[in-house]
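Below is one structure; the comments refer to it alone.
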Amino acid sequence: MHTTIYSISESPLAAGVIWVGTDDGNLQLTRDGGQHWDNVVGQVPGVARNAWVNWVHASAFAPGSAYVAFDRHTFGDMAPYVYATSDWGKSWRPLVSPQDSKGVRGYAHVIKEDSVDPQLLFLGTEFGLWISVDGGAHWAQFKGGHLPAVAVRDLAIQPRDNDLVLATHGRGIWIVDDITPLRQLTPQLTSQEAAFVSARPEQQRIEANGGWVNGAAAFVGDNPARGAVITYYQRTRHLFGKLRIEVLDAGGGLVDELPASTRRGLNRVVWTMHRRAPHVPPAAQLAFAGTQGPRVLPGTYTVRLHKNDTVYDSQVTLGLDRRVKWTPADRKAQYDAAMKVYALFNDESALFGRIAGLREQVAEAGKGRPKGEALLRRLEDFDGKLDAIRKKIVATKEGGAITGEERLREHTDQLYGAITSWEGPPSAYQLENIEALRSQLGEIDGEFNRLISTQLPALNDALKSNGARALTVPPPAVFKGGESGSGAVAAGGRWDADEARGAAVPGNLQLWH
């Protein structure tokens, strides 16, 4: 025993009210700024003399309320001792004690109440973090984020973002992102089969890539999730039937679909805040920017949970990053420009699909025909012209600008990446480039239509006269914004014109998520 003051807590409600705990078992209270002190430890039931007062915490909701945690592990007693008072220490009720530990393990280090909900309590012990949503009547161990069984020595609530910060002994600082859902766990909510739990509005933080691998020389903690965190509650584990989450825009259109966890209790899924990736025609190498859809505009979106035949709705609000200088109007201009390029990708894929589907029929019509046959030569000539149009859409050699093999699809990807990598307003050059690429696609589409209108009828007549099936032009595919995005590279990494030709909506498109 060192007769040392180990914990001090000043009331945020009443001036002059200070609680003090010492390492030799004193629990002192002053109500006049230190002029007079009362040792109220004798009113705490079930605690032996000289117990270390690890923590005392003045309530932010009632001036006469406080919490205290005792530690007797130096006496060989590893049990938790946690108490609360509401009458200036005249009486204390046990929240956790050796007689009723309520599932809490390890001697107690710190006890704090939430800054918003007085019934929400956080308890740090030698073996982790415990949480109570009913004023200490019941406790549950926090196991999210793979928090180890480590001593939690201090707690703090970040008021702006409602994060719970944990100080551990030997395992660093841990942050529990957004404890807002814990404040919503009322008996009315937990009695439901499923329900969304409201959370804080989400910022669309500036997206950036980079950095390097530090190896074992440095430690870098995880950043918050890059997306909107959606929290929902299930009373029991979901075992049978459908369970999925949809995100809808203000008009009810499907923006994205998310996998749902089947676990009971609180569940969190992260929505990237992006639309599905555009459909990119396959080529010799990956179109990197086209593997991701544009980030949606700030605003309010509907989140819908389908659990068998029951539908649950909630809303999530997205806002701009607090650090950015551009306005919502600037952000909308950027999004509109990105969606124009998004539509350009889809239209390129639609034309590519028609060409691939027609070439597949040409290859089938030429099978088994003797080499040098006149009809086979006509089919090969028609296929060569189709392939020449295809090569105006996509590159057929790897290397990009190094090999000089960049076509419409590659230029589209470069423009798309330039627009989506910065969420401020697009430049005049970018807007002009969109129109230029759209015009180029129109010329290629016109060339394809002229080919099939001038040469296909005669070729079909020749096929019919030889008892073969006529070639049909596949209709343009219609890609909706809610559909999953397409791949950006041909199967096997490169496109072989003579090997794997696609179907009408090209079956050789490889999906990238």
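Order determines the names: the first chain of the structure tokens is A, the second B, and so forth; residues in each chain are numbered 1 upward, and ligands are numbered 1 upward as they are shown.
Residue neighbourhood of A:Asn346, excluding near-sequence residues (fewer than 3 positions): Pro278, His279, Val280, Tyr342, Ala343, Ser349, Ala350 and Phe479 of chain A, at 8 Å, using only C-alpha atoms.
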Compile the contact shell of A:Gln158 as number ranges by chain: residues with an atom at most 10 Å away, counting only C-alpha atoms, same-chain residues fewer than 2 positions apart removed.
A: 115, 155-156, 160-165, 175, 177-179
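Minimum distance to A:Gly353 across A:His138, A:Glu443, A:Val478, A:Pro259 (counting only C-alpha atoms) occurs at A:Val478.
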Leaving out stretch 385-395 of chain A and any residue of its chain fewer than 5 positions from it, which residues lie within 8 Å of it when counting only C-alpha atoms, given as a CSV table (one decimal) with N, CA and C atoms, in the first residue's frame?
chain,number,residue,atom,x,y,z
A,281,PRO,N,-15.6,-4.0,-72.3
A,281,PRO,CA,-15.3,-5.1,-73.2
A,281,PRO,C,-14.0,-5.7,-72.9
A,282,PRO,N,-13.8,-7.0,-73.1
A,282,PRO,CA,-12.5,-7.7,-72.8
A,282,PRO,C,-11.5,-7.4,-73.8
A,283,ALA,N,-10.3,-7.3,-73.4
A,283,ALA,CA,-9.2,-6.9,-74.3
A,283,ALA,C,-7.9,-7.6,-73.8
A,284,ALA,N,-6.7,-7.2,-74.3
A,284,ALA,CA,-5.5,-7.8,-74.0
A,284,ALA,C,-5.1,-7.7,-72.5
A,348,GLU,N,-19.9,0.5,-75.5
A,348,GLU,CA,-18.8,-0.3,-76.2
A,348,GLU,C,-19.0,-1.8,-76.0
A,352,PHE,N,-19.5,-4.5,-78.8
A,352,PHE,CA,-18.6,-5.6,-78.8
A,352,PHE,C,-19.3,-6.9,-78.8
A,355,ILE,N,-20.7,-7.8,-82.2
A,355,ILE,CA,-19.7,-8.3,-83.1
A,355,ILE,C,-19.2,-9.7,-82.7
A,359,ARG,N,-19.6,-13.1,-85.0
A,359,ARG,CA,-18.4,-13.9,-85.4
A,359,ARG,C,-18.5,-15.3,-84.9
A,400,GLY,N,0.0,-1.4,-73.8
A,400,GLY,CA,-0.6,-0.1,-73.9
A,400,GLY,C,0.1,0.9,-74.8
A,405,GLU,N,-0.6,0.1,-78.8
A,405,GLU,CA,-1.9,-0.6,-78.9
A,405,GLU,C,-2.9,0.0,-77.9
A,406,GLU,N,-3.4,1.1,-78.2
A,406,GLU,CA,-4.5,1.7,-77.3
A,406,GLU,C,-5.7,2.1,-78.3
A,407,ARG,N,-6.8,1.6,-77.9
A,407,ARG,CA,-8.0,1.8,-78.7
A,407,ARG,C,-9.0,2.5,-77.9
A,408,LEU,N,-10.3,2.5,-78.4
A,408,LEU,CA,-11.3,3.3,-77.8
A,408,LEU,C,-11.5,2.9,-76.3
A,409,ARG,N,-11.5,1.6,-76.1
A,409,ARG,CA,-11.8,1.1,-74.7
A,409,ARG,C,-10.7,1.5,-73.8
A,410,GLU,N,-9.4,1.6,-74.2
A,410,GLU,CA,-8.3,2.0,-73.4
A,410,GLU,C,-8.3,3.5,-73.1
A,441,LEU,N,-17.1,6.3,-81.0
A,441,LEU,CA,-17.9,5.1,-80.9
A,441,LEU,C,-19.1,5.1,-81.9
A,444,ILE,N,-17.7,4.0,-85.2
A,444,ILE,CA,-17.5,2.5,-85.3
A,444,ILE,C,-18.8,1.8,-85.4
A,447,GLU,N,-20.0,2.0,-88.9
A,447,GLU,CA,-19.2,1.1,-89.8
A,447,GLU,C,-19.8,-0.3,-89.7
A,448,PHE,N,-20.1,-0.7,-88.4
A,448,PHE,CA,-20.7,-2.1,-88.2
A,448,PHE,C,-22.0,-2.2,-88.9
A,497,ALA,N,-8.7,-14.2,-81.2
A,497,ALA,CA,-9.9,-14.0,-82.1
A,497,ALA,C,-10.3,-15.3,-82.7
Option closest in space to A:Ala194, from A:Val311, A:Val44, A:Val56, A:Ala338 [counting only C-alpha atoms]
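Selected residue with least distance to A:Ala194: A:Val311.
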12 Å contact set for A:Glu364, only C-alpha atoms, chain neighbours under 3 positions out, as a PyMOL selection string
chain A and resi 357-361+367-369+376+379-380+383+463+468-471+498+501
Next, the residues of the selection above should be written as a short mmCIF file (atom, residue, chain, number, x, y, z; two decimals), in the first residue's frame with N, CA and C atoms.
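What landed in selection.cif:
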data_model
loop_
_atom_site.label_atom_id
_atom_site.label_comp_id
_atom_site.auth_asym_id
_atom_site.auth_seq_id
_atom_site.Cartn_x
_atom_site.Cartn_y
_atom_site.Cartn_z
N GLY A 357 -20.93 -12.00 -81.02
CA GLY A 357 -21.99 -12.96 -81.29
C GLY A 357 -22.10 -13.30 -82.77
N LEU A 358 -21.91 -12.31 -83.63
CA LEU A 358 -21.98 -12.56 -85.06
C LEU A 358 -20.78 -13.37 -85.53
N ARG A 359 -19.61 -13.09 -84.98
CA ARG A 359 -18.42 -13.85 -85.36
C ARG A 359 -18.52 -15.31 -84.91
N GLU A 360 -19.17 -15.52 -83.80
CA GLU A 360 -19.37 -16.90 -83.34
C GLU A 360 -20.22 -17.68 -84.35
N GLN A 361 -21.25 -17.02 -84.88
CA GLN A 361 -22.08 -17.69 -85.90
C GLN A 361 -21.29 -17.94 -87.19
N LYS A 367 -17.47 -24.27 -90.15
CA LYS A 367 -16.96 -25.56 -89.70
C LYS A 367 -17.25 -26.66 -90.73
N GLY A 368 -16.24 -27.48 -90.99
CA GLY A 368 -16.40 -28.65 -91.87
C GLY A 368 -16.37 -28.33 -93.36
N ARG A 369 -16.23 -27.08 -93.71
CA ARG A 369 -16.20 -26.75 -95.14
C ARG A 369 -14.79 -26.93 -95.67
N LEU A 376 -16.61 -20.51 -98.04
CA LEU A 376 -15.73 -20.38 -96.88
C LEU A 376 -14.90 -19.11 -97.00
N LEU A 379 -17.03 -16.24 -96.02
CA LEU A 379 -17.21 -16.19 -94.57
C LEU A 379 -15.96 -15.64 -93.89
N GLU A 380 -14.79 -16.08 -94.35
CA GLU A 380 -13.54 -15.60 -93.77
C GLU A 380 -13.35 -14.11 -94.03
N ASP A 383 -15.68 -12.29 -91.72
CA ASP A 383 -15.16 -12.36 -90.36
C ASP A 383 -13.98 -11.40 -90.18
N LEU A 463 -25.54 -18.70 -98.01
CA LEU A 463 -25.64 -19.76 -97.00
C LEU A 463 -26.92 -20.57 -97.19
N ALA A 468 -27.43 -23.99 -95.49
CA ALA A 468 -26.95 -23.60 -94.16
C ALA A 468 -27.86 -22.56 -93.55
N ARG A 469 -27.74 -22.40 -92.27
CA ARG A 469 -28.57 -21.44 -91.54
C ARG A 469 -28.05 -20.03 -91.78
N ALA A 470 -28.96 -19.08 -91.93
CA ALA A 470 -28.58 -17.68 -92.12
C ALA A 470 -28.04 -17.09 -90.83
N LEU A 471 -27.17 -16.10 -90.98
CA LEU A 471 -26.60 -15.40 -89.83
C LEU A 471 -27.58 -14.34 -89.35
N ASP A 498 -9.42 -16.32 -82.76
CA ASP A 498 -9.77 -17.59 -83.38
C ASP A 498 -10.11 -18.67 -82.38
N ARG A 501 -14.64 -17.07 -79.02
CA ARG A 501 -15.48 -15.92 -79.38
C ARG A 501 -16.74 -15.91 -78.53
#
Residues near A:Val20, cut-off 6 Å, only C-alpha atoms, skip fewer than 5 positions along chain, as a list in words:
Ser7, Ile8, Leu27 and Gln28 of chain A
Pick from A:Ile157, A:Ala137, A:Ile131, A:Ile111: nearest to A:Pro94, with only C-alpha atoms counted?
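Of A:Ile157, A:Ala137, A:Ile131, A:Ile111, the one nearest A:Pro94, counting only C-alpha atoms, is A:Ala137.
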